[in-house]
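What's in my_file_21.csv: CSV, C-alpha atoms and all ligand atoms
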```csv
chain,number,residue,atom,x,y,z
H,137,MET,CA,106.0,109.8,122.1
H,138,ARG,CA,107.0,110.3,118.5
H,139,ILE,CA,106.9,113.6,116.6
H,140,LEU,CA,107.2,114.1,112.9
H,141,ILE,CA,109.2,117.2,112.1
H,142,VAL,CA,108.7,118.4,108.5
H,143,GLU,CA,111.1,121.2,107.8
H,144,ASP,CA,113.6,121.8,105.0
H,145,GLU,CA,115.8,124.2,107.0
H,146,LEU,CA,117.9,121.4,108.5
H,147,PHE,CA,119.5,123.6,111.1
H,148,LEU,CA,116.0,124.6,112.5
H,149,ALA,CA,114.8,121.0,112.2
H,150,ARG,CA,117.7,119.8,114.4
H,151,LEU,CA,117.1,122.6,116.9
H,152,ILE,CA,113.5,121.4,117.2
H,153,GLU,CA,114.6,117.8,117.4
H,154,THR,CA,117.0,118.6,120.2
H,155,ALA,CA,114.5,120.6,122.2
H,156,LEU,CA,111.9,117.9,121.9
H,157,LYS,CA,114.4,115.3,122.8
H,158,ARG,CA,115.1,117.1,126.1
H,159,ALA,CA,111.4,117.0,126.8
H,160,GLY,CA,111.3,113.3,126.2
H,161,PHE,CA,110.0,113.1,122.6
H,162,ASP,CA,111.6,111.1,119.8
H,163,SER,CA,111.5,112.8,116.4
H,164,VAL,CA,111.8,111.9,112.8
H,165,ILE,CA,112.8,114.7,110.5
H,166,MET,CA,111.5,114.9,106.9
H,167,VAL,CA,112.7,117.5,104.5
H,168,GLU,CA,110.4,117.0,101.5
H,169,GLY,CA,106.7,117.5,101.6
H,170,ASP,CA,105.7,114.5,99.5
H,171,LYS,CA,107.9,112.1,101.5
H,172,ALA,CA,106.6,113.5,104.7
H,173,LEU,CA,103.0,112.8,103.6
H,174,GLU,CA,104.0,109.2,102.7
H,175,LEU,CA,105.4,108.7,106.2
H,176,GLY,CA,102.6,110.5,108.0
H,177,ARG,CA,100.1,108.1,106.3
H,178,ALA,CA,102.2,105.0,107.0
H,179,GLU,CA,103.2,105.5,110.6
H,180,VAL,CA,101.6,106.8,113.8
H,181,PHE,CA,102.9,110.0,115.3
H,182,ASP,CA,101.8,111.8,118.4
H,183,ALA,CA,102.1,115.2,116.7
H,184,ILE,CA,103.5,116.8,113.5
H,185,VAL,CA,105.5,120.0,113.3
H,186,LEU,CA,105.0,121.2,109.8
H,187,ASP,CA,106.7,124.0,107.9
H,188,LEU,CA,104.7,125.5,105.0
H,189,SER,CA,107.2,126.1,102.2
H,190,LEU,CA,108.8,122.8,101.4
H,191,PRO,CA,110.3,121.1,98.4
H,192,GLY,CA,108.2,118.3,96.9
H,193,MET,CA,104.9,119.4,98.2
H,194,ASP,CA,104.0,122.5,100.3
H,195,GLY,CA,102.9,122.1,103.9
H,196,ILE,CA,99.2,123.1,103.2
H,197,GLU,CA,98.9,120.3,100.6
H,198,VAL,CA,100.6,117.8,102.9
H,199,LEU,CA,98.1,118.8,105.6
H,200,ARG,CA,95.1,118.5,103.3
H,201,HIS,CA,96.1,115.1,102.0
H,202,LEU,CA,96.7,113.9,105.6
H,203,ARG,CA,93.3,114.9,106.7
H,204,ASP,CA,91.8,113.5,103.5
H,205,SER,CA,93.5,110.2,104.5
H,206,LYS,CA,91.8,110.4,107.9
H,207,VAL,CA,95.1,111.1,109.7
H,208,PHE,CA,94.0,113.3,112.5
H,209,THR,CA,97.4,113.7,114.3
H,210,PRO,CA,97.6,117.1,115.8
H,211,VAL,CA,99.6,119.5,113.6
H,212,LEU,CA,101.6,122.5,114.6
H,213,VAL,CA,102.3,124.7,111.5
H,214,LEU,CA,105.4,126.9,111.3
H,215,THR,CA,104.9,130.0,109.3
H,216,ALA,CA,107.4,132.7,108.3
H,217,ARG,CA,106.7,136.0,110.1
H,218,GLY,CA,103.9,138.0,108.6
H,219,GLU,CA,102.5,135.2,106.5
H,220,VAL,CA,99.0,135.9,107.8
H,221,ALA,CA,97.2,134.6,104.7
H,222,GLU,CA,99.3,131.4,105.0
H,223,ARG,CA,98.4,131.1,108.6
H,224,ILE,CA,94.7,131.4,108.0
H,225,LYS,CA,94.9,128.9,105.1
H,226,GLY,CA,96.7,126.5,107.4
H,227,LEU,CA,94.0,126.7,110.1
H,228,TYR,CA,91.4,126.1,107.4
H,229,SER,CA,93.3,123.1,106.1
H,230,GLY,CA,93.2,121.3,109.4
H,231,ALA,CA,96.2,122.7,111.4
H,232,ASP,CA,95.6,122.6,115.2
H,233,ASP,CA,98.0,125.4,116.0
H,234,TYR,CA,100.6,127.7,114.4
H,235,LEU,CA,103.8,129.4,115.4
H,236,ALA,CA,105.6,132.2,113.5
H,237,LYS,CA,109.2,131.8,112.7
H,238,PRO,CA,111.8,132.5,114.1
H,239,CYS,CA,110.3,130.4,116.9
H,240,ASP,CA,111.4,130.0,120.4
H,241,MET,CA,112.2,126.3,121.1
H,242,ASP,CA,110.6,126.3,124.5
H,243,GLU,CA,107.4,127.6,122.8
H,244,VAL,CA,107.6,124.8,120.2
H,245,VAL,CA,107.9,122.2,123.0
H,246,ALA,CA,105.0,123.8,125.0
H,247,ARG,CA,102.7,123.9,122.0
H,248,VAL,CA,103.5,120.3,121.1
H,249,HIS,CA,102.7,119.3,124.7
H,250,ALA,CA,99.5,121.2,124.6
H,251,LEU,CA,98.4,119.6,121.3
H,252,ILE,CA,99.1,116.1,122.5
H,253,ARG,CA,97.2,116.8,125.7
H,254,ARG,CA,94.3,118.1,123.8
H,255,ALA,CA,94.3,115.2,121.4
H,256,ALA,CA,94.5,112.7,124.4
H,257,SER,CA,91.6,114.3,126.1
H,258,ARG,CA,89.6,114.0,122.8
H,259,ALA,CA,90.6,110.4,122.6
H,260,GLY,CA,89.4,109.8,126.1
H,261,VAL,CA,90.1,106.7,128.2
H,262,PHE,CA,90.9,103.3,126.8
H,263,THR,CA,89.1,100.3,128.3
H,264,VAL,CA,90.0,96.7,127.5
H,265,GLY,CA,88.2,94.3,129.8
H,266,GLU,CA,88.8,95.5,133.3
H,267,LEU,CA,91.9,97.4,132.2
H,268,THR,CA,91.6,101.2,131.9
H,269,LEU,CA,94.2,103.5,130.5
H,270,ASP,CA,94.1,107.3,130.6
H,271,PRO,CA,96.6,109.0,128.2
H,272,LEU,CA,95.9,112.4,129.8
H,273,THR,CA,97.0,111.5,133.3
H,274,ARG,CA,99.2,108.6,132.0
H,275,SER,CA,97.7,106.3,134.5
H,276,ALA,CA,96.5,102.7,134.1
H,277,SER,CA,94.6,100.4,136.4
H,278,ARG,CA,93.2,96.9,136.2
H,279,SER,CA,90.1,96.0,138.3
H,280,GLY,CA,90.5,99.3,140.1
H,281,GLN,CA,94.1,98.5,141.1
H,282,ARG,CA,96.6,101.1,139.9
H,283,LEU,CA,99.4,99.7,137.8
H,284,ASP,CA,102.8,101.1,138.5
H,285,LEU,CA,104.3,101.4,135.0
H,286,THR,CA,107.4,103.1,133.7
H,287,SER,CA,106.8,105.7,131.0
H,288,ARG,CA,108.1,103.3,128.3
H,289,GLU,CA,105.8,100.5,129.6
H,290,PHE,CA,102.9,103.0,129.6
H,291,MET,CA,103.7,103.9,125.9
H,292,LEU,CA,103.8,100.2,125.0
H,293,LEU,CA,100.5,99.5,126.7
H,294,GLU,CA,98.9,102.6,125.2
H,295,THR,CA,100.2,101.6,121.7
H,296,LEU,CA,98.6,98.1,122.2
H,297,ALA,CA,95.4,99.7,123.5
H,298,ARG,CA,95.1,102.0,120.5
H,299,SER,CA,95.0,98.9,118.3
H,300,ALA,CA,93.1,96.7,120.8
H,301,GLY,CA,91.9,93.6,119.1
H,302,THR,CA,94.4,94.0,116.2
H,303,PRO,CA,97.8,92.4,116.5
H,304,LEU,CA,100.8,94.6,116.1
H,305,THR,CA,104.1,93.3,114.7
H,306,ARG,CA,107.3,93.5,116.7
H,307,THR,CA,108.6,96.0,114.1
H,308,GLN,CA,105.5,98.2,114.5
H,309,ILE,CA,105.9,98.2,118.3
H,310,LEU,CA,109.6,98.9,118.0
H,311,GLU,CA,109.0,101.9,115.7
H,312,ARG,CA,106.1,103.3,117.6
H,313,VAL,CA,107.4,102.9,121.1
H,314,PHE,CA,111.1,102.9,120.9
H,315,GLY,CA,111.9,104.9,117.7
H,316,TYR,CA,114.6,104.1,115.3
H,317,ARG,CA,117.5,104.0,117.6
H,318,PHE,CA,117.5,100.2,118.0
H,319,GLN,CA,118.8,97.5,115.8
H,320,PRO,CA,116.0,95.2,114.4
H,321,GLN,CA,117.5,92.2,116.2
H,322,THR,CA,117.2,93.9,119.6
H,323,ASN,CA,115.1,92.1,122.2
H,324,ILE,CA,113.9,95.3,123.8
H,325,VAL,CA,110.2,94.6,122.7
H,326,GLU,CA,110.2,91.2,124.3
H,327,VAL,CA,111.8,92.5,127.5
H,328,HIS,CA,109.2,95.2,127.9
H,329,ILE,CA,106.3,92.9,127.0
H,330,LYS,CA,107.6,90.5,129.7
H,331,ASN,CA,107.7,93.3,132.3
H,332,LEU,CA,104.4,94.6,131.2
H,333,ARG,CA,102.8,91.2,131.5
H,334,ARG,CA,104.1,90.9,135.0
H,335,LYS,CA,102.3,94.1,136.0
H,336,VAL,CA,99.2,93.8,133.9
H,337,ASP,CA,98.4,90.1,133.7
H,338,MET,CA,100.1,88.1,136.5
H,339,ARG,CA,97.5,88.4,139.2
H,340,PHE,CA,94.6,87.9,136.9
H,341,GLU,CA,92.9,85.0,135.3
H,342,THR,CA,92.6,86.3,131.7
H,343,PRO,CA,95.8,87.5,130.1
H,344,LEU,CA,95.1,90.6,128.1
H,345,ILE,CA,98.5,90.9,126.5
H,346,GLN,CA,98.6,88.0,124.1
H,347,THR,CA,101.2,86.6,121.7
H,348,VAL,CA,100.0,86.0,118.2
H,349,MET,CA,102.2,83.3,116.7
H,350,LYS,CA,104.4,84.5,113.8
H,351,VAL,CA,102.8,88.0,114.0
H,352,GLY,CA,103.4,89.8,117.2
H,353,TYR,CA,101.2,90.9,120.1
H,354,VAL,CA,97.6,91.9,120.7
H,355,LEU,CA,95.8,93.5,123.6
H,356,GLN,CA,92.3,91.9,123.9
H,357,ASN,CA,89.9,90.6,126.4
H,358,VAL,CA,89.2,87.3,124.7
H,359,PRO,CA,91.2,84.1,124.9
H,360,ALA,CA,93.8,83.9,122.1
H,401,CA,CA,110.8,126.1,104.4
```

Would you give me this structure, written as structure tokens?
Ligand code: CA
Amino acid sequence: MRILIVEDELFLARLIETALKRAGFDSVIMVEGDKALELGRAEVFDAIVLDLSLPGMDGIEVLRHLRDSKVFTPVLVLTARGEVAERIKGLYSGADDYLAKPCDMDEVVARVHALIRRAASRAGVFTVGELTLDPLTRSASRSGQRLDLTSREFMLLETLARSAGTPLTRTQILERVFGYRFQPQTNIVEVHIKNLRRKVDMRFETPLIQTVMKVGYVLQNVPA
């Protein structure tokens, strides 16, 4: 799971990053509003923690532009204490939740969890052929047989399922599933694809995880 933290108080941003890390989330910190908007449009995040007063572009504008660009990632807005008007403006601009500063880190993590759960239940269950994937319970099965996946394998399968039928490049998979900690030349994607294939495809006639030559991988229920 990847979270975009948009906060110009770097100390606070790092605190949030650390708290989320402990809960198993990878984060990317952006300080400037306009840069955050660019990244939020270009890449997929599971949730966004958004401060309102930012250099470059304020949080409300970032949020409006994201929603205008059809990016519906759940957003937790951080407001300074007493900024009631700001808070209301935030909710009208498409924020999913807000938290007043100074905020408790456990609360930030709990809210982010809740937002992701809510978004997952809205998204519902993914079905590709006889494969079903439930982001809410983080369970997957094929032809009714439960697949025993590690959390990283589940993330990889979910990432492929969200783009079912559309190939993802190795770099897209690396960024969405593993974050930025890995060198581009790592073989971690290939290793996880191999393990996932063993669990998802081995006992079945039609391989769902397919290699697209010179592109990457695609999850689909038609022969490659
Ligand atoms: Ca600020």

Report, in Å with one decimal, the straight-line distance from atom CA of H:Cys239 to atom CA of H:Asp170. 24.0 Å

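The closest residue to H:Arg150, picked from H:Ala236, H:Val348, H:Met241, H:Leu214 and counting all atoms listed in the file, is H:Met241.
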
Ligand CA 401 (chain H): which residues are within 12 Å, counting all atoms listed in the file? Reply as number ranges by chain. H: 141-149, 166-169, 186-195, 213-216, 237-238

I want to know what sits within 10 Å of H:Pro343, based on all atoms listed in the file, with residues of the same chain fewer than 4 positions away left out; could you give that as a ChimeraX atom specification? /H:333,336-339,355-360

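Here atom CA of H:Tyr234 and atom CA of H:Glu179 stand 22.7 Å from one another.
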
Name the residues in contact with H:Val354 at a cut-off of 10 Å, using only C-alpha atoms, excluding same-chain residues fewer than 5 positions from it; report them as JSON, numbers by chain. {"H": [296, 297, 299, 300, 301, 302, 303, 304, 305, 344, 345, 346, 347, 348, 360]}
